[in-house]
$ cat entry09.pdb   # PDB, C-alpha atoms
ATOM      1  CA  MET A   1      17.302  -1.567  22.548
ATOM      2  CA  ALA A   2      19.557  -0.336  19.810
ATOM      3  CA  GLN A   3      20.379   3.218  18.889
ATOM      4  CA  CYS A   4      20.638   4.674  15.399
ATOM      5  CA  GLY A   5      21.531   8.340  15.328
ATOM      6  CA  TRP A   6      18.474  10.293  16.372
ATOM      7  CA  LEU A   7      16.090   7.487  17.252
ATOM      8  CA  ILE A   8      15.857   4.483  19.523
ATOM      9  CA  HIS A   9      13.946   1.479  18.166
ATOM     10  CA  LYS A  10      12.923  -1.850  19.631
ATOM     11  CA  LYS A  11      14.235  -4.214  16.955
ATOM     12  CA  TRP A  12      16.553  -3.330  14.093
ATOM     13  CA  LEU A  13      16.252  -4.861  10.637
ATOM     14  CA  GLY A  14      18.935  -4.863   7.978
ATOM     15  CA  GLY A  15      22.010  -3.790   9.952
ATOM     16  CA  GLU A  16      23.132  -1.336  12.583
ATOM     17  CA  GLY A  17      22.983   2.420  12.270
ATOM     18  CA  THR A  18      25.453   5.019  13.483
ATOM     19  CA  LEU A  19      25.501   8.692  14.186
ATOM     20  CA  ALA A  20      26.843   9.220  10.685
ATOM     21  CA  ASP A  21      24.120   7.098   9.068
ATOM     22  CA  THR A  22      22.861   8.679   5.831
ATOM     23  CA  SER A  23      20.824   5.765   4.508
ATOM     24  CA  GLY A  24      17.931   5.682   6.949
ATOM     25  CA  CYS A  25      16.939   2.851   9.245
ATOM     26  CA  TRP A  26      14.437  -0.006   9.235
ATOM     27  CA  SER A  27      13.004  -1.316  12.491
ATOM     28  CA  GLU A  28      10.157  -3.516  13.655
ATOM     29  CA  GLU A  29       7.520  -2.230  16.067
ATOM     30  CA  THR A  30       4.338  -3.683  17.521
ATOM     31  CA  VAL A  31       1.222  -1.678  16.725
ATOM     32  CA  GLY A  32      -2.181  -2.776  17.961
ATOM     33  CA  GLY A  33      -0.711  -6.144  18.909
ATOM     34  CA  HIS A  34       0.710  -6.811  15.442
ATOM     35  CA  PRO A  35       4.142  -6.267  13.860
ATOM     36  CA  CYS A  36       4.899  -3.355  11.568
ATOM     37  CA  ASP A  37       8.085  -2.580   9.676
ATOM     38  CA  ILE A  38       9.134   1.057  10.097
ATOM     39  CA  PHE A  39      11.500   3.099   7.955
ATOM     40  CA  GLU A  40      13.040   6.365   9.147
ATOM     41  CA  PRO A  41      14.783   8.259   6.319
ATOM     42  CA  ALA A  42      18.132   9.879   6.965
ATOM     43  CA  VAL A  43      16.413  13.269   6.575
ATOM     44  CA  MET A  44      12.628  13.480   6.939
ATOM     45  CA  ASN A  45      10.796  15.631   4.400
ATOM     46  CA  GLN A  46       9.726  18.967   5.855
ATOM     47  CA  ALA A  47       6.019  18.311   5.314
ATOM     48  CA  GLY A  48       6.154  15.083   7.321
ATOM     49  CA  PHE A  49       4.766  12.879   4.550
ATOM     50  CA  VAL A  50       4.459   9.190   5.459
ATOM     51  CA  ILE A  51       3.974   6.179   3.189
ATOM     52  CA  LEU A  52       1.689   3.361   4.286
ATOM     53  CA  PHE A  53       2.938   0.263   2.450
ATOM     54  CA  LEU A  54       0.652  -2.766   2.103
ATOM     55  CA  HIS A  55       2.426  -6.056   1.419
ATOM     56  CA  GLY A  56       1.434  -8.842  -0.956
ATOM     57  CA  VAL A  57       0.048 -12.284  -0.245
ATOM     58  CA  HIS A  58       3.549 -13.722   0.184
ATOM     59  CA  ILE A  59       4.340 -10.991   2.739
ATOM     60  CA  GLY A  60       7.354  -9.652   0.881
ATOM     61  CA  ARG A  61       8.964  -7.181   3.279
ATOM     62  CA  LEU A  62      11.059  -4.221   2.199
ATOM     63  CA  HIS A  63      13.722  -3.902   4.893
ATOM     64  CA  GLU A  64      16.385  -5.552   2.726
ATOM     65  CA  ASN A  65      15.135  -4.106  -0.566
ATOM     66  CA  ALA A  66      17.503  -1.398  -1.797
ATOM     67  CA  HIS A  67      15.263  -0.354  -4.711
ATOM     68  CA  PHE A  68      12.425   0.775  -2.470
ATOM     69  CA  THR A  69      14.597   1.925   0.439
ATOM     70  CA  ASP A  70      16.714   4.174  -1.776
ATOM     71  CA  GLN A  71      13.602   5.864  -3.155
ATOM     72  CA  PHE A  72      12.062   6.354   0.292
ATOM     73  CA  ASN A  73      15.315   7.885   1.477
ATOM     74  CA  ARG A  74      15.697  10.020  -1.646
ATOM     75  CA  HIS A  75      12.329  11.683  -1.008
ATOM     76  CA  GLY A  76      12.650  11.775   2.786
ATOM     77  CA  LEU A  77       9.626   9.544   3.252
ATOM     78  CA  ALA A  78       8.976   7.691   6.484
ATOM     79  CA  VAL A  79       7.276   4.340   5.906
ATOM     80  CA  ILE A  80       5.094   2.040   7.956
ATOM     81  CA  SER A  81       4.296  -1.444   6.699
ATOM     82  CA  PRO A  82       1.793  -3.415   8.807
ATOM     83  CA  ILE A  83       1.941  -7.216   8.586
ATOM     84  CA  THR A  84      -1.574  -8.648   8.257
ATOM     85  CA  GLN A  85      -0.905 -12.083   6.744
ATOM     86  CA  ARG A  86      -3.234 -13.135   3.880
ATOM     87  CA  SER A  87      -6.038 -10.800   4.935
ATOM     88  CA  TRP A  88      -6.382  -9.225   1.477
ATOM     89  CA  TRP A  89      -6.668  -5.949   3.414
ATOM     90  CA  THR A  90     -10.434  -6.415   3.731
ATOM     91  CA  ASP A  91     -12.940  -5.518   6.419
ATOM     92  CA  LEU A  92     -13.585  -9.218   7.074
ATOM     93  CA  ILE A  93     -12.057 -11.398   9.757
ATOM     94  CA  CYS A  94      -8.999 -13.345   8.617
ATOM     95  CA  GLU A  95      -8.217 -15.841  11.360
ATOM     96  CA  GLU A  96      -4.522 -16.096  10.547
ATOM     97  CA  PHE A  97      -4.225 -12.342  11.103
ATOM     98  CA  ASP A  98      -6.588 -11.763  14.046
ATOM     99  CA  PRO A  99      -9.763 -13.553  15.216
ATOM    100  CA  GLU A 100     -11.456 -10.298  16.261
ATOM    101  CA  LEU A 101      -9.867  -7.454  14.260
ATOM    102  CA  THR A 102     -10.056  -6.939  10.512
ATOM    103  CA  ALA A 103      -7.079  -5.642   8.543
ATOM    104  CA  GLU A 104      -9.084  -2.604   7.478
ATOM    105  CA  GLN A 105      -9.993  -1.658  11.029
ATOM    106  CA  HIS A 106      -6.398  -2.256  12.109
ATOM    107  CA  ILE A 107      -5.277   0.344   9.559
ATOM    108  CA  LEU A 108      -8.003   2.865  10.340
ATOM    109  CA  ASN A 109      -7.895   2.598  14.135
ATOM    110  CA  ASN A 110      -4.408   1.458  15.091
ATOM    111  CA  VAL A 111      -1.967   2.288  12.313
ATOM    112  CA  LEU A 112      -3.240   5.794  11.561
ATOM    113  CA  SER A 113      -3.135   6.604  15.283
ATOM    114  CA  TYR A 114       0.421   5.328  15.482
ATOM    115  CA  ILE A 115       1.461   7.477  12.496
ATOM    116  CA  GLU A 116       0.050  10.580  14.163
ATOM    117  CA  GLN A 117       1.656   9.736  17.483
ATOM    118  CA  ARG A 118       5.092   8.986  16.028
ATOM    119  CA  TRP A 119       5.448  11.550  13.259
ATOM    120  CA  GLY A 120       2.630  14.005  13.952
ATOM    121  CA  THR A 121       1.251  13.219  10.506
ATOM    122  CA  LYS A 122      -2.441  12.918   9.724
ATOM    123  CA  ALA A 123      -4.346  12.077   6.579
ATOM    124  CA  PRO A 124      -4.296  13.352   3.876
ATOM    125  CA  ARG A 125      -0.493  13.577   4.211
ATOM    126  CA  ILE A 126      -0.257   9.783   4.139
ATOM    127  CA  GLY A 127       0.342   8.117   0.783
ATOM    128  CA  LEU A 128      -0.782   4.555   0.061
ATOM    129  CA  LEU A 129       1.558   2.139  -1.709
ATOM    130  CA  GLY A 130       1.117  -1.578  -2.275
ATOM    131  CA  THR A 131       2.218  -4.542  -4.358
ATOM    132  CA  SER A 132      -0.002  -7.399  -5.584
ATOM    133  CA  MET A 133      -2.488  -8.148  -2.758
ATOM    134  CA  GLY A 134      -1.350  -4.895  -1.186
ATOM    135  CA  GLY A 135      -1.757  -3.062  -4.479
ATOM    136  CA  GLN A 136      -5.438  -3.949  -4.626
ATOM    137  CA  GLY A 137      -5.682  -3.135  -0.928
ATOM    138  CA  SER A 138      -4.201   0.316  -1.496
ATOM    139  CA  LEU A 139      -6.658   1.054  -4.304
ATOM    140  CA  ARG A 140      -9.529  -0.354  -2.276
ATOM    141  CA  PHE A 141      -8.721   1.897   0.711
ATOM    142  CA  ALA A 142      -8.382   4.924  -1.565
ATOM    143  CA  TYR A 143     -11.718   4.250  -3.262
ATOM    144  CA  LYS A 144     -13.528   3.627   0.019
ATOM    145  CA  TYR A 145     -11.894   6.544   1.875
ATOM    146  CA  PRO A 146     -10.733   9.081  -0.740
ATOM    147  CA  LYS A 147     -10.679  11.975   1.739
ATOM    148  CA  LEU A 148      -8.333  10.056   4.027
ATOM    149  CA  PHE A 149      -6.190   8.695   1.197
ATOM    150  CA  PRO A 150      -6.235  11.038  -1.810
ATOM    151  CA  VAL A 151      -2.807   9.833  -3.012
ATOM    152  CA  VAL A 152      -2.284   6.176  -3.944
ATOM    153  CA  ALA A 153       0.077   4.063  -6.041
ATOM    154  CA  ALA A 154      -0.409   0.363  -6.756
ATOM    155  CA  ILE A 155       2.127  -1.950  -8.371
ATOM    156  CA  SER A 156       0.755  -5.150  -9.944
ATOM    157  CA  PRO A 157      -2.547  -4.864  -8.056
ATOM    158  CA  ALA A 158      -4.272  -8.238  -7.647
ATOM    159  CA  ILE A 159      -7.670  -6.651  -8.148
ATOM    160  CA  ASP A 160      -9.959  -9.522  -9.155
ATOM    161  CA  TYR A 161      -8.897 -11.749  -6.292
ATOM    162  CA  GLN A 162     -12.107 -13.780  -6.495
ATOM    163  CA  GLN A 163     -10.330 -15.817  -9.163
ATOM    164  CA  ARG A 164      -8.143 -17.340  -6.441
ATOM    165  CA  PHE A 165     -11.125 -19.450  -5.371
ATOM    166  CA  ASP A 166     -10.304 -21.622  -8.391
ATOM    167  CA  GLN A 167      -6.592 -21.659  -7.555
ATOM    168  CA  GLY A 168      -6.854 -23.397  -4.192
ATOM    169  CA  ASP A 169      -6.603 -20.319  -1.978
ATOM    170  CA  ALA A 170      -6.931 -21.404   1.661
ATOM    171  CA  THR A 171      -8.004 -18.118   3.250
ATOM    172  CA  LEU A 172     -10.547 -16.483   0.927
ATOM    173  CA  PRO A 173     -13.188 -19.268   1.297
ATOM    174  CA  LEU A 174     -13.069 -18.637   5.052
ATOM    175  CA  MET A 175     -13.777 -14.937   4.485
ATOM    176  CA  TYR A 176     -16.322 -15.053   1.635
ATOM    177  CA  GLU A 177     -19.082 -17.568   1.048
ATOM    178  CA  GLU A 178     -18.544 -17.585  -2.713
ATOM    179  CA  PRO A 179     -16.437 -15.931  -5.446
ATOM    180  CA  GLU A 180     -19.197 -13.459  -6.316
ATOM    181  CA  ALA A 181     -19.198 -12.098  -2.776
ATOM    182  CA  ALA A 182     -15.464 -11.489  -3.124
ATOM    183  CA  ARG A 183     -15.905  -9.839  -6.533
ATOM    184  CA  GLN A 184     -18.442  -7.419  -5.071
ATOM    185  CA  ASP A 185     -15.808  -6.355  -2.530
ATOM    186  CA  THR A 186     -12.971  -5.708  -5.007
ATOM    187  CA  ALA A 187     -11.417  -2.306  -5.588
ATOM    188  CA  THR A 188     -13.129  -1.808  -8.948
ATOM    189  CA  LEU A 189     -16.546  -2.255  -7.364
ATOM    190  CA  HIS A 190     -15.704   0.382  -4.744
ATOM    191  CA  VAL A 191     -15.063   3.110  -7.317
ATOM    192  CA  HIS A 192     -17.588   5.918  -6.797
ATOM    193  CA  PRO A 193     -18.289   8.155  -9.800
ATOM    194  CA  LEU A 194     -18.522  11.287  -7.638
ATOM    195  CA  ASN A 195     -16.052  10.538  -4.836
ATOM    196  CA  TRP A 196     -12.601   9.302  -5.750
ATOM    197  CA  PRO A 197      -8.936   9.832  -4.795
ATOM    198  CA  MET A 198      -7.467  12.934  -6.397
ATOM    199  CA  HIS A 199      -4.182  11.257  -7.336
ATOM    200  CA  GLN A 200      -3.911   7.617  -8.340
ATOM    201  CA  PHE A 201      -1.322   5.605 -10.217
ATOM    202  CA  PHE A 202      -1.300   1.903 -10.949
ATOM    203  CA  CYS A 203       0.812  -0.304 -13.155
ATOM    204  CA  CYS A 204       0.921  -3.912 -14.268
ATOM    205  CA  ASP A 205       3.234  -5.848 -16.553
ATOM    206  CA  PRO A 206       1.278  -6.874 -19.695
ATOM    207  CA  THR A 207       2.811 -10.360 -19.374
ATOM    208  CA  ASP A 208       1.275 -10.760 -15.892
ATOM    209  CA  GLU A 209      -1.177 -13.525 -16.789
ATOM    210  CA  ASP A 210      -3.112 -13.495 -13.519
ATOM    211  CA  TRP A 211      -3.658  -9.790 -12.903
ATOM    212  CA  PHE A 212      -3.234  -7.742 -16.076
ATOM    213  CA  GLU A 213      -6.854  -8.055 -17.226
ATOM    214  CA  SER A 214      -8.262  -6.672 -13.991
ATOM    215  CA  SER A 215      -5.947  -3.637 -14.172
ATOM    216  CA  ASP A 216      -7.043  -3.107 -17.754
ATOM    217  CA  ARG A 217     -10.705  -3.284 -16.723
ATOM    218  CA  LEU A 218     -10.089  -0.769 -13.955
ATOM    219  CA  GLN A 219      -8.435   1.548 -16.465
ATOM    220  CA  MET A 220     -11.447   1.304 -18.769
ATOM    221  CA  LYS A 221     -13.884   1.966 -15.926
ATOM    222  CA  LEU A 222     -12.035   5.032 -14.693
ATOM    223  CA  THR A 223     -11.802   6.374 -18.235
ATOM    224  CA  SER A 224     -15.520   5.859 -18.865
ATOM    225  CA  LEU A 225     -16.372   7.679 -15.627
ATOM    226  CA  GLY A 226     -14.019  10.564 -16.406
ATOM    227  CA  ILE A 227     -11.980   9.963 -13.253
ATOM    228  CA  PRO A 228      -8.375  11.201 -13.587
ATOM    229  CA  PHE A 229      -5.604   8.670 -13.090
ATOM    230  CA  GLU A 230      -2.180   7.654 -14.325
ATOM    231  CA  SER A 231      -1.276   4.124 -15.314
ATOM    232  CA  ASP A 232       1.397   2.091 -17.014
ATOM    233  CA  LEU A 233       0.139  -1.127 -18.551
ATOM    234  CA  GLU A 234       2.831  -1.263 -21.233
ATOM    235  CA  THR A 235       6.161  -1.699 -19.453
ATOM    236  CA  GLU A 236       7.447  -5.273 -19.438
ATOM    237  CA  ALA A 237       9.898  -6.136 -16.673
ATOM    238  CA  GLY A 238       9.530  -9.728 -15.549
ATOM    239  CA  GLY A 239       5.807 -10.311 -15.103
ATOM    240  CA  HIS A 240       4.516 -10.588 -11.537
ATOM    241  CA  GLY A 241       6.965 -10.352  -8.656
ATOM    242  CA  PHE A 242       9.740  -8.249  -7.185
ATOM    243  CA  THR A 243      11.693  -8.032 -10.423
ATOM    244  CA  TYR A 244       8.821  -5.945 -11.782
ATOM    245  CA  TYR A 245       8.041  -4.230  -8.466
ATOM    246  CA  ASN A 246      11.649  -3.074  -8.171
ATOM    247  CA  HIS A 247      11.648  -1.822 -11.748
ATOM    248  CA  MET A 248       8.572   0.325 -11.055
ATOM    249  CA  ALA A 249       9.547   1.484  -7.554
ATOM    250  CA  GLU A 250      11.153   4.749  -8.680
ATOM    251  CA  ARG A 251       8.122   5.812 -10.695
ATOM    252  CA  ALA A 252       5.541   4.796  -8.091
ATOM    253  CA  ILE A 253       7.329   6.382  -5.126
ATOM    254  CA  GLY A 254       8.185   9.477  -7.148
ATOM    255  CA  PHE A 255       4.494   9.799  -8.008
ATOM    256  CA  LEU A 256       3.568   9.601  -4.326
ATOM    257  CA  ALA A 257       6.127  12.215  -3.269
ATOM    258  CA  GLU A 258       5.108  14.625  -6.032
ATOM    259  CA  ARG A 259       1.365  14.242  -5.523
ATOM    260  CA  LEU A 260       1.514  14.439  -1.733
ATOM    261  CA  GLU A 261       3.195  17.819  -2.189
ATOM    262  CA  THR A 262       0.589  18.830  -4.781
ATOM    263  CA  GLU A 263      -2.179  17.930  -2.362
ATOM    264  CA  ARG A 264      -0.473  19.777   0.489
ATOM    265  CA  ARG A 265      -0.241  22.928  -1.601
ATOM    266  CA  ARG A 266      -3.873  22.578  -2.671
ATOM    267  CA  LEU A 267      -5.013  22.486   0.947
ATOM    268  CA  VAL A 268      -2.874  25.379   2.198
TER     269      VAL A 268
END
$ encode --input "entry09.pdb" --output "structure tokens"
Amino acid sequence: MAQCGWLIHKKWLGGEGTLADTSGCWSEETVGGHPCDIFEPAVMNQAGFVILFLHGVHIGRLHENAHFTDQFNRHGLAVISPITQRSWWTDLICEEFDPELTAEQHILNNVLSYIEQRWGTKAPRIGLLGTSMGGQGSLRFAYKYPKLFPVVAAISPAIDYQQRFDQGDATLPLMYEEPEAARQDTATLHVHPLNWPMHQFFCCDPTDEDWFESSDRLQMKLTSLGIPFESDLETEAGGHGFTYYNHMAERAIGFLAERLETERRRLV
């Protein structure tokens, strides 16, 4: 085991910490039999807010990403990032993740319990954040469970993932019988006109050829239903990928920190 100031972790990622560490620490833990990346900020926010980060289909991890880490540390946000392979964060079995446990049930049963055990934090003081596959997963969780996750931010959400059937995706055909079944399970189709997350933000580069249209459709649906949201579908910063994700990290994480505090005050 290695020691970093106030905490002992099992496996350190991205360098060693010291008693004088002011940048926070990344580590890897096993939760429910599966790996999770964990970030401890140098100083935890007083309300104990935690960010649940959902990765994309290429499993881009954040432990060496200064753009996201600096923002987490700036706001004193602890982070947990479960690794669920190409599960699309659904409630269907994805063999490459787990032959018996869905990604959704892993989050609801294992990860949320771990968050409470480690930081004493319960929903709704947990903010959802995701990129690409994880962006749609974050929105999907928030739309299905808005009381648990009233605060969500999605960067480049890959919402209409049924289109990957025509792009040679190897995992989706094992989870859904046909593209229409996948479409019926997308975030947009889980929006309820009377039960929605109180605080949601999503963004997508208008040059993102694969995913911009589905974000635009979501924006139109939310507007037509009168559901409040914030979005940015105008900023261009490299299309789809971490160049854009990094550019939007400050806004997305700032939104989460601000709205988690707004929600906390509302519930006091």
$ resolve_selection --input "entry09.pdb" --expression "the PyMOL selection byres ((chain A and resi 162-169) around 9)" --output "PyMOL selection string"
chain A and resi 159-161+170-173+178-183+186+210
$ resolve_selection --input "entry09.pdb" --expression "the PyMOL selection byres ((chain A and resi 101) around 12)" --output "list of chain:residue names"
A:Gly32, A:Gly33, A:His34, A:Thr84, A:Ser87, A:Trp89, A:Thr90, A:Asp91, A:Leu92, A:Ile93, A:Cys94, A:Glu95, A:Glu96, A:Phe97, A:Asp98, A:Pro99, A:Glu100, A:Thr102, A:Ala103, A:Glu104, A:Gln105, A:His106, A:Ile107, A:Leu108, A:Asn109, A:Asn110
$ atom_distance --input "entry09.pdb" --atom1 "atom CA of A:Tyr143" --atom2 "atom CA of A:Pro197"
6.4 Å
$ resolve_selection --input "entry09.pdb" --expression "the PyMOL selection byres ((chain A and resi 111) around 12)" --output "count of residues only"
41
$ atom_distance --input "entry09.pdb" --atom1 "atom CA of A:Gly130" --atom2 "atom CA of A:Gln71"
14.6 Å
$ closest_residue --input "entry09.pdb" --among "A:Gln200, A:Ser231, A:Asn45, A:Ser224" --to "A:Phe141" --atoms "only C-alpha atoms"
A:Gln200
$ closest_residue --input "entry09.pdb" --among "A:Val57, A:Leu194, A:Leu62, A:Leu256" --to "A:Pro124" --atoms "all atoms listed in the file"
A:Leu256
$ residues_around --input "entry09.pdb" --residues "A:Ala237" --least-positions-apart "4" --cutoff "7 Å" --atoms "only C-alpha atoms" --output "list in words"
Asp205, Thr243, Tyr244 and His247 of chain A
$ atom_distance --input "entry09.pdb" --atom1 "atom CA of A:Gly226" --atom2 "atom CA of A:Ala154"
19.6 Å
$ closest_residue --input "entry09.pdb" --among "A:Gly241, A:Gly48, A:Gly137, A:Gly120" --to "A:His190" --atoms "all atoms listed in the file"
A:Gly137
$ closest_residue --input "entry09.pdb" --among "A:Trp196, A:Tyr145, A:Tyr176, A:Phe201" --to "A:Arg259" --atoms "only C-alpha atoms"
A:Phe201
$ closest_residue --input "entry09.pdb" --among "A:Leu129, A:Val152, A:Val191, A:Leu233" --to "A:Ala249" --atoms "all atoms listed in the file"
A:Leu129
$ residues_near_point --input "entry09.pdb" --point "(1.5, -6.3, -1.4)" --cutoff "9 Å" --atoms "all atoms listed in the file" --output "PyMOL selection string"
chain A and resi 53-61+88+129-138+154-158
$ write_last_selection --input "entry09.pdb" --atoms "C-alpha atoms" --output "mmCIF file, in the frame of the given file"
data_model
loop_
_atom_site.group_PDB
_atom_site.id
_atom_site.type_symbol
_atom_site.label_atom_id
_atom_site.label_comp_id
_atom_site.auth_asym_id
_atom_site.auth_seq_id
_atom_site.Cartn_x
_atom_site.Cartn_y
_atom_site.Cartn_z
ATOM 1 C CA PHE A 53 2.938 0.263 2.450
ATOM 2 C CA LEU A 54 0.652 -2.766 2.103
ATOM 3 C CA HIS A 55 2.426 -6.056 1.419
ATOM 4 C CA GLY A 56 1.434 -8.842 -0.956
ATOM 5 C CA VAL A 57 0.048 -12.284 -0.245
ATOM 6 C CA HIS A 58 3.549 -13.722 0.184
ATOM 7 C CA ILE A 59 4.340 -10.991 2.739
ATOM 8 C CA GLY A 60 7.354 -9.652 0.881
ATOM 9 C CA ARG A 61 8.964 -7.181 3.279
ATOM 10 C CA TRP A 88 -6.382 -9.225 1.477
ATOM 11 C CA LEU A 129 1.558 2.139 -1.709
ATOM 12 C CA GLY A 130 1.117 -1.578 -2.275
ATOM 13 C CA THR A 131 2.218 -4.542 -4.358
ATOM 14 C CA SER A 132 -0.002 -7.399 -5.584
ATOM 15 C CA MET A 133 -2.488 -8.148 -2.758
ATOM 16 C CA GLY A 134 -1.350 -4.895 -1.186
ATOM 17 C CA GLY A 135 -1.757 -3.062 -4.479
ATOM 18 C CA GLN A 136 -5.438 -3.949 -4.626
ATOM 19 C CA GLY A 137 -5.682 -3.135 -0.928
ATOM 20 C CA SER A 138 -4.201 0.316 -1.496
ATOM 21 C CA ALA A 154 -0.409 0.363 -6.756
ATOM 22 C CA ILE A 155 2.127 -1.950 -8.371
ATOM 23 C CA SER A 156 0.755 -5.150 -9.944
ATOM 24 C CA PRO A 157 -2.547 -4.864 -8.056
ATOM 25 C CA ALA A 158 -4.272 -8.238 -7.647
#
$ closest_residue --input "entry09.pdb" --among "A:Asn195, A:Gly254, A:Gly239, A:Thr188" --to "A:Ser214" --atoms "only C-alpha atoms"
A:Thr188
$ residues_around --input "entry09.pdb" --residues "A:Phe49" --least-positions-apart "6" --cutoff "8 Å" --atoms "only C-alpha atoms" --output "PyMOL selection string"
chain A and resi 77-78+121+125-127+257+260
